[in-house]
Amino acid sequence: MAAGALSAGPAGAQPATAQSAPTRPAPGRPEPAGLLRLQVNGRPVTLAVDARSSLLDVLREQLHLTGAKKGCDHGQCGACTVHLDGQRVAACLTLAARLEGRAVLTIEGLSAEGALHPMQQAFIDHDALQCGYCTPGQIMAAVACVQEGNATSRERIREYMSGNLCRCGAYVGIVAAIEDAAAKMGRG
Ligand code: FES
Ligand code: FES
């Protein structure tokens, strides 16, 4: 009878002995997703992220912003460089779940109102790329290098861009592009 069923306790409740310890995901299964709110290229974004996801994977696989590239996935090549609250970071080493309320800028958000950023234009003008795989990361790092005040000489540019590798060896053009753009950005 219905009253008997109610007196037995909450529907679906298990006997104390049957309550199991918190379960862990099976190996290879994703960790539980948490809700993350952040700004990406000036737009508010809310999404569920796996607790172990890198910012790079969230950008590329969940937000489909594929400009930042996965080169080494170990913080050694710079192909994944984006800006976090105005500072350059390796997105492959940045845990997405810890970015609540932060602002991310990717290469897709760099140009304004259809006009290329001076650094993007300078890379074109100085032939600063060949295959282009490293280029989004180079440009994001280069913009940060200028904004940090570290583009005041070729030697300094080389030093402060040394975390961004180019397998095609386009370094001469990259340094020239940064010098050129720095002047146009008022920081050279
Ligand atoms: Fe992030 Fe290489 S992919 S540093
Ligand atoms: Fe090919 Fe840099 S342009 S890796």
# chains A, B, ... in the order shown; residues from 1 in each chain; ligands from 1
>>> closest_atom_pairs(of="region 12-127 of chain A", to="region 169-178 of chain A", cutoff="8 Å", atoms="only C-alpha atoms", output="CSV")
residue,atom,partner,partner_atom,distance
A:Met119,CA,A:Ile178,CA,6.8
A:Ala122,CA,A:Ala177,CA,4.8
A:Phe123,CA,A:Ala177,CA,5.2
A:Asp125,CA,A:Ala177,CA,7.4
A:His126,CA,A:Gly173,CA,5.3
A:Asp127,CA,A:Gly173,CA,5.8
>>> write_last_selection(atoms="N, CA and C atoms", output="PDB file, in the first residue's frame")
ATOM      1  N   MET A 119      50.864  43.178 -36.309  1.00  0.00           N
ATOM      2  CA  MET A 119      51.799  42.046 -36.281  1.00  0.00           C
ATOM      3  C   MET A 119      51.451  41.030 -37.360  1.00  0.00           C
ATOM      4  N   ALA A 122      52.663  42.482 -40.592  1.00  0.00           N
ATOM      5  CA  ALA A 122      54.129  42.471 -40.672  1.00  0.00           C
ATOM      6  C   ALA A 122      54.647  41.068 -41.001  1.00  0.00           C
ATOM      7  N   PHE A 123      54.018  40.035 -40.468  1.00  0.00           N
ATOM      8  CA  PHE A 123      54.428  38.660 -40.807  1.00  0.00           C
ATOM      9  C   PHE A 123      54.246  38.416 -42.306  1.00  0.00           C
ATOM     10  N   ASP A 125      54.210  40.848 -44.672  1.00  0.00           N
ATOM     11  CA  ASP A 125      55.126  41.739 -45.389  1.00  0.00           C
ATOM     12  C   ASP A 125      56.561  41.227 -45.372  1.00  0.00           C
ATOM     13  N   HIS A 126      56.947  40.546 -44.302  1.00  0.00           N
ATOM     14  CA  HIS A 126      58.343  40.111 -44.164  1.00  0.00           C
ATOM     15  C   HIS A 126      58.520  38.623 -44.438  1.00  0.00           C
ATOM     16  N   ASP A 127      57.524  37.988 -45.045  1.00  0.00           N
ATOM     17  CA  ASP A 127      57.647  36.557 -45.375  1.00  0.00           C
ATOM     18  C   ASP A 127      58.076  35.744 -44.156  1.00  0.00           C
TER      19      ASP A 127
END
>>> residues_near_ligand(ligand="ligand 1", cutoff="7 Å", atoms="only C-alpha atoms and all ligand atoms", output="PyMOL selection string")
chain A and resi 69-81+90-93
>>> residues_near_ligand(ligand="ligand 2", cutoff="8 Å", atoms="only C-alpha atoms and all ligand atoms", output="mmCIF file with C-alpha atoms, in the first residue's frame")
data_model
loop_
_atom_site.group_PDB
_atom_site.id
_atom_site.type_symbol
_atom_site.label_atom_id
_atom_site.label_comp_id
_atom_site.auth_asym_id
_atom_site.auth_seq_id
_atom_site.Cartn_x
_atom_site.Cartn_y
_atom_site.Cartn_z
ATOM 1 C CA ALA A 128 57.855 35.416 -41.776
ATOM 2 C CA LEU A 129 56.323 32.006 -42.431
ATOM 3 C CA GLN A 130 56.616 28.980 -44.625
ATOM 4 C CA CYS A 131 54.310 26.112 -43.643
ATOM 5 C CA GLY A 132 52.518 28.393 -41.165
ATOM 6 C CA TYR A 133 52.075 25.799 -38.432
ATOM 7 C CA CYS A 134 53.966 27.796 -35.819
ATOM 8 C CA THR A 135 52.654 31.160 -37.026
ATOM 9 C CA LEU A 165 60.214 27.272 -32.355
ATOM 10 C CA CYS A 166 59.905 27.272 -36.128
ATOM 11 C CA ARG A 167 60.839 24.059 -37.878
ATOM 12 C CA CYS A 168 60.927 25.906 -41.196
ATOM 13 C CA GLY A 169 63.585 28.257 -39.865
ATOM 14 C CA ALA A 170 61.732 31.473 -40.694
#
>>> select_by_dssp(residues="region 38-169 of chain A", states="helix (DSSP H, G or I)", output="PyMOL selection string")
chain A and resi 55-62+91-93+96-98+107-109+118-125+135-147+154-160
>>> write_last_selection(atoms="C-alpha atoms", output="PDB file, in the first residue's frame")
ATOM      1  CA  LEU A  55      43.018  25.201 -22.328  1.00  0.00           C
ATOM      2  CA  LEU A  56      44.382  24.144 -25.715  1.00  0.00           C
ATOM      3  CA  ASP A  57      42.045  21.165 -25.956  1.00  0.00           C
ATOM      4  CA  VAL A  58      39.053  23.238 -24.843  1.00  0.00           C
ATOM      5  CA  LEU A  59      39.819  25.912 -27.438  1.00  0.00           C
ATOM      6  CA  ARG A  60      40.388  23.480 -30.272  1.00  0.00           C
ATOM      7  CA  GLU A  61      37.942  20.682 -29.539  1.00  0.00           C
ATOM      8  CA  GLN A  62      35.070  22.356 -27.700  1.00  0.00           C
ATOM      9  CA  ALA A  91      47.710  26.754 -23.623  1.00  0.00           C
ATOM     10  CA  CYS A  92      48.823  23.113 -23.573  1.00  0.00           C
ATOM     11  CA  LEU A  93      50.127  23.550 -20.009  1.00  0.00           C
ATOM     12  CA  ALA A  96      41.114  24.948 -18.243  1.00  0.00           C
ATOM     13  CA  ALA A  97      39.168  24.219 -15.073  1.00  0.00           C
ATOM     14  CA  ARG A  98      41.194  26.845 -13.193  1.00  0.00           C
ATOM     15  CA  ILE A 107      44.752  34.514 -32.850  1.00  0.00           C
ATOM     16  CA  GLU A 108      41.115  34.482 -34.011  1.00  0.00           C
ATOM     17  CA  GLY A 109      40.390  37.480 -31.776  1.00  0.00           C
ATOM     18  CA  PRO A 118      49.940  45.197 -37.325  1.00  0.00           C
ATOM     19  CA  MET A 119      51.799  42.046 -36.281  1.00  0.00           C
ATOM     20  CA  GLN A 120      49.774  39.863 -38.654  1.00  0.00           C
ATOM     21  CA  GLN A 121      50.427  42.303 -41.493  1.00  0.00           C
ATOM     22  CA  ALA A 122      54.129  42.471 -40.672  1.00  0.00           C
ATOM     23  CA  PHE A 123      54.428  38.660 -40.807  1.00  0.00           C
ATOM     24  CA  ILE A 124      52.970  38.794 -44.318  1.00  0.00           C
ATOM     25  CA  ASP A 125      55.126  41.739 -45.389  1.00  0.00           C
ATOM     26  CA  THR A 135      52.654  31.160 -37.026  1.00  0.00           C
ATOM     27  CA  PRO A 136      49.594  31.742 -34.793  1.00  0.00           C
ATOM     28  CA  GLY A 137      51.718  31.011 -31.727  1.00  0.00           C
ATOM     29  CA  GLN A 138      54.569  33.157 -33.058  1.00  0.00           C
ATOM     30  CA  ILE A 139      52.217  36.085 -33.634  1.00  0.00           C
ATOM     31  CA  MET A 140      50.572  35.854 -30.213  1.00  0.00           C
ATOM     32  CA  ALA A 141      53.991  35.628 -28.562  1.00  0.00           C
ATOM     33  CA  ALA A 142      55.278  38.493 -30.721  1.00  0.00           C
ATOM     34  CA  VAL A 143      52.405  40.787 -29.726  1.00  0.00           C
ATOM     35  CA  ALA A 144      53.097  39.988 -26.074  1.00  0.00           C
ATOM     36  CA  CYS A 145      56.835  40.511 -26.598  1.00  0.00           C
ATOM     37  CA  VAL A 146      56.145  44.033 -27.882  1.00  0.00           C
ATOM     38  CA  GLN A 147      53.602  44.803 -25.154  1.00  0.00           C
ATOM     39  CA  ARG A 154      67.001  42.212 -32.468  1.00  0.00           C
ATOM     40  CA  GLU A 155      68.943  40.479 -29.710  1.00  0.00           C
ATOM     41  CA  ARG A 156      66.184  41.112 -27.208  1.00  0.00           C
ATOM     42  CA  ILE A 157      63.507  39.947 -29.650  1.00  0.00           C
ATOM     43  CA  ARG A 158      65.447  36.723 -30.247  1.00  0.00           C
ATOM     44  CA  GLU A 159      65.803  36.163 -26.527  1.00  0.00           C
ATOM     45  CA  TYR A 160      62.171  36.837 -25.675  1.00  0.00           C
TER      46      TYR A 160
END
>>> atom_distance(atom1="CA of Gly86 (chain A)", atom2="CA of Asn150 (chain A)")
14.8 Å
>>> residues_around(residues="His83 (chain A)", least_positions_apart="5", cutoff="7 Å", atoms="only C-alpha atoms", output="MDAnalysis selection string")
chainID A and resid 88:89 104:106
>>> select_by_dssp(residues="chain A", states="strand (DSSP E or B)", output="VMD selection string")
chain A and resid 33 to 40 43 to 50 54 81 to 84 87 to 90 95 103 to 105 112 115
>>> atom_distance(atom1="CA of Arg52 (chain A)", atom2="CA of Leu38 (chain A)")
16.8 Å
